[in-house]
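Asks: Just passing along the structure, written as structure tokens.
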Amino acid sequence: MVASNAAGPLPTRRGEVHLRPPPAGRLLQRTGCLVTALTGSLELSGAVPERLRGRPFLLVANHVGVFDTAVLLAACDRLGIAPRFVTNGGLFDTPLLGRLLRSAGHLRVDPLAAGSAVRAAVRLPALDSGGPVLIYPEGRVSRDPGLWPERGHTGAARLALLTGLPVLPLSQWGAQEVIPWHTPPVRSLQALATLIGVWLRAMDPRNRHRFRVHLGEPVDLGDLRSGRPGDAMRAHTRIMRAITEGLVPLRADDPAPSRIPDPTRPVGTPSPWTPS
């Protein structure tokens with residue numbers, strides 16, 4: 001996970017400029033790029049609108065698996081952005097990783113729920129310093145039977161209406177095949193070692209994984225207002241539908257939940273955003 005701060009502009013390969021992340025952020029970003037490249041190929045479509053370069057905005061992404069954060073790090077690096085992640089607080093208690101997350105400026109949320117996510121994210125310095133913020137509106141790996149985006153929480157929508165920040169949907173597919181859902185959360189060095197072992201076993205040079213990510217156009221929320229009854233849910237509905245619409249073409253040749261089924265993933269009720 002990567003953070004932005006006001007350390008100065010950083011030119012990219014495309015001649016664009018974005019804010020330079022702190023050293024811990026750069027380390028996490030390069031790690032995400034490395035493990036993604038070692039595990040499979042990244043296919044990225046879409047781009048950050050030029051008018052949003054150097055400005056704060058919100059990224060909202062679907063959550064398909066434990067490994068998808070690494071894929072999003074690599075995708076954001078290629079997009080030339082370095083967002084702060086709204087992250088489950090348990091990760092911050094992990095030795096070494098927690099220190100890196102704090103040094104990188106990521107946002108701790110306990111629990112990852114609508115109200116607390118809004119209150120914490122509004123205090124985020126990135127909203128004033130020009131850096132983007134990335135939120136998983138679902139708050140957990142999807143339990144929809146087909147792995148479509150879950151119903152989710154209204155936290156990102158409320159934050160967007162409260163701040164007026166643009167919202168860009170980030171859809172992804174493929175990372176769910178790398179690390180099973182039941183892998184212990186990284187809250188100790190032993191759990192981190194277990195995670196690395198699972199990842200190493202998932203690497204197969206003869207059958208590399210395919211990671212697909214699409215950055216969509218900003219979601220139109222211009223007619224909605226913070227505090228007006230029903231508008232937070234209307235905004236949330238538009239955001240989740242935008243994520244799902246971007247996901248549909250990524251899954252065109254792979255509509256099933258996964259080429260590599262994960263029987264450990266809990267399955268709940270179908271999502272209201274599931275395409276018909």
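Going by the structure tokens order, chains are called A, B, ..., each with residues numbered from 1, while ligands are numbered from 1 in the order shown.
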List every residue of range 56-87 of chain A that DSSP, applied to the backbone of this structure, assigns to strand (DSSP E), and report them as a ChimeraX atom specification.

Replies: /A:58-61,84-87

Asks: May I have a table of the residues of range 160-186 of chain A lying at most 6 Å from range 209-220 of chain A, giving each one's closest pair of atoms and their distance in Å to one decimal, counting only C-alpha atoms, ordered by chain and ascending residue number, as a tab-separated table?

Replies:
```
residue	atom	partner	partner_atom	distance
A:Val167	CA	A:Pro218	CA	5.3
A:Leu168	CA	A:Pro218	CA	4.5
A:Pro169	CA	A:Gly216	CA	5.3
A:Leu170	CA	A:Leu215	CA	4.7
A:Ser171	CA	A:His214	CA	5.2
A:Gln172	CA	A:Val213	CA	4.3
A:Trp173	CA	A:Arg212	CA	5.3
A:Gly174	CA	A:Phe211	CA	4.7
```

Asks: Residues near Ala70 in chain A, anyone? I mean within 10 Å using only C-alpha atoms, not counting same-chain ones fewer than 5 positions away, as a VMD selection string.

Replies: chain A and resid 1 28 to 37 75 to 76 175

Asks: Restricting the calculation to only C-alpha atoms: of A:Leu134, A:Leu42, A:Leu161, A:Trp181, which residue gets closest to Pro266 in chain A?

Replies: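 Going through A:Leu134, A:Leu42, A:Leu161, A:Trp181 one by one, the smallest distance to Pro266 in chain A is for A:Trp181.
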
Asks: With only C-alpha atoms as the atoms that count, which of A:Ile243, A:Ala47, A:Val86, A:Leu147 lies nearest to Gln176 in chain A?

Replies: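 Ranked by minimum distance to Gln176 in chain A, first place goes to A:Leu147.
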
Asks: Tell me which protein, DNA and RNA residues are within 8 Å of Gly146 in chain A, counting only C-alpha atoms, leaving out same-chain ones fewer than 4 positions away, and put them as a ChimeraX atom specification.

Replies: /A:256-257,270

Asks: When you look at Ser226 in chain A with a cut-off of 9 Å (counting only C-alpha atoms), what residues show up, excluding the ones that are within fewer than 3 positions of it in the same chain? I need them as a PyMOL selection string.

Replies: chain A and resi 158-164+229+231-232

Asks: Please compute the CA of Val64 in chain A-CA of His236 in chain A distance, one decimal, in Å.

Replies: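 Computed distance, CA of Val64 in chain A to CA of His236 in chain A, equals 18.7 Å.
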
Asks: Tell me which of A:Val248, A:Ile239, A:Leu224, A:Ala24 sits closest to Leu58 in chain A, counting only C-alpha atoms.

Replies: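 So, comparing all the options, the nearest one is A:Ile239.
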
Asks: Considering only helix (DSSP H, G or I) as DSSP defines it on the backbone, what residues of range 151-233 of chain A qualify? List them as a list in words.

Replies: Gly155, Ala156, Ala157, Arg158, Leu159, Ala160, Leu161, Leu162, Thr163, Ala175, Gln176, Glu177, Leu189, Gln190, Ala191, Leu192, Ala193, Thr194, Leu195, Ile196, Gly197, Val198, Trp199, Leu200, Arg201, Ala202, Asp231, Ala232 and Met233 of chain A

Asks: Could you save the residues just selected, with N, CA and C atoms, as a CSV table (one decimal), in the first residue's frame?

Replies:
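Here's the written file out-v9.csv:
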```csv
chain,number,residue,atom,x,y,z
A,155,GLY,N,-19.8,4.2,3.5
A,155,GLY,CA,-18.7,5.1,4.0
A,155,GLY,C,-18.1,5.9,2.9
A,156,ALA,N,-17.7,5.2,1.8
A,156,ALA,CA,-17.0,5.9,0.7
A,156,ALA,C,-18.0,7.0,0.0
A,157,ALA,N,-19.3,6.6,-0.1
A,157,ALA,CA,-20.3,7.5,-0.6
A,157,ALA,C,-20.4,8.7,0.3
A,158,ARG,N,-20.5,8.5,1.6
A,158,ARG,CA,-20.7,9.6,2.5
A,158,ARG,C,-19.5,10.5,2.5
A,159,LEU,N,-18.3,9.9,2.4
A,159,LEU,CA,-17.1,10.7,2.3
A,159,LEU,C,-17.1,11.6,1.0
A,160,ALA,N,-17.5,11.0,-0.1
A,160,ALA,CA,-17.5,11.7,-1.3
A,160,ALA,C,-18.5,12.9,-1.3
A,161,LEU,N,-19.6,12.7,-0.7
A,161,LEU,CA,-20.6,13.8,-0.6
A,161,LEU,C,-20.2,14.8,0.4
A,162,LEU,N,-19.5,14.4,1.5
A,162,LEU,CA,-19.1,15.4,2.5
A,162,LEU,C,-18.0,16.3,2.0
A,163,THR,N,-17.0,15.7,1.2
A,163,THR,CA,-15.9,16.4,0.8
A,163,THR,C,-16.0,17.0,-0.6
A,175,ALA,N,-6.9,-11.8,-9.0
A,175,ALA,CA,-6.1,-11.9,-7.8
A,175,ALA,C,-6.6,-12.9,-6.8
A,176,GLN,N,-7.9,-13.3,-6.9
A,176,GLN,CA,-8.6,-14.2,-6.0
A,176,GLN,C,-8.0,-15.6,-6.2
A,177,GLU,N,-7.2,-15.9,-7.3
A,177,GLU,CA,-6.7,-17.2,-7.5
A,177,GLU,C,-5.4,-17.5,-6.8
A,189,LEU,N,4.5,-12.1,12.8
A,189,LEU,CA,5.6,-12.5,11.9
A,189,LEU,C,5.3,-14.0,11.4
A,190,GLN,N,4.8,-14.8,12.3
A,190,GLN,CA,4.5,-16.2,11.9
A,190,GLN,C,3.5,-16.2,10.8
A,191,ALA,N,2.4,-15.4,10.9
A,191,ALA,CA,1.4,-15.3,9.9
A,191,ALA,C,1.9,-14.8,8.6
A,192,LEU,N,2.8,-13.8,8.7
A,192,LEU,CA,3.4,-13.3,7.5
A,192,LEU,C,4.3,-14.3,6.8
A,193,ALA,N,5.0,-15.2,7.6
A,193,ALA,CA,5.7,-16.2,7.0
A,193,ALA,C,4.8,-17.3,6.3
A,194,THR,N,3.7,-17.6,6.9
A,194,THR,CA,2.7,-18.5,6.3
A,194,THR,C,2.2,-17.9,5.0
A,195,LEU,N,1.9,-16.6,5.0
A,195,LEU,CA,1.4,-16.0,3.8
A,195,LEU,C,2.4,-16.0,2.7
A,196,ILE,N,3.6,-15.8,3.0
A,196,ILE,CA,4.7,-15.8,2.0
A,196,ILE,C,4.8,-17.3,1.4
A,197,GLY,N,4.7,-18.3,2.3
A,197,GLY,CA,4.8,-19.6,1.8
A,197,GLY,C,3.6,-20.0,0.9
A,198,VAL,N,2.4,-19.5,1.2
A,198,VAL,CA,1.3,-19.8,0.3
A,198,VAL,C,1.5,-19.1,-1.0
A,199,TRP,N,2.0,-17.9,-1.0
A,199,TRP,CA,2.2,-17.2,-2.2
A,199,TRP,C,3.3,-17.9,-3.1
A,200,LEU,N,4.4,-18.4,-2.5
A,200,LEU,CA,5.4,-19.1,-3.2
A,200,LEU,C,4.9,-20.3,-3.9
A,201,ARG,N,4.0,-21.0,-3.2
A,201,ARG,CA,3.4,-22.2,-3.8
A,201,ARG,C,2.4,-21.9,-4.9
A,202,ALA,N,1.9,-20.7,-4.9
A,202,ALA,CA,1.0,-20.3,-6.0
A,202,ALA,C,1.7,-19.9,-7.3
A,231,ASP,N,-29.6,10.4,-0.1
A,231,ASP,CA,-28.6,10.6,-1.0
A,231,ASP,C,-27.3,9.8,-0.8
A,232,ALA,N,-27.0,9.4,0.4
A,232,ALA,CA,-25.8,8.6,0.6
A,232,ALA,C,-26.0,7.2,0.0
A,233,MET,N,-27.2,6.6,0.1
A,233,MET,CA,-27.5,5.3,-0.5
A,233,MET,C,-27.5,5.5,-2.0
```

Asks: One number please: CA of Gly246 in chain A to CA of Ser45 in chain A, in Å, one decimal.

Replies: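 Spanning CA of Gly246 in chain A to CA of Ser45 in chain A is a straight-line distance of 10.0 Å.
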
Asks: Please, what distance in Å, to one decimal, runs between CA of Gly268 in chain A and CA of His153 in chain A?

Replies: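 Between these atoms lies a distance of 15.8 Å.
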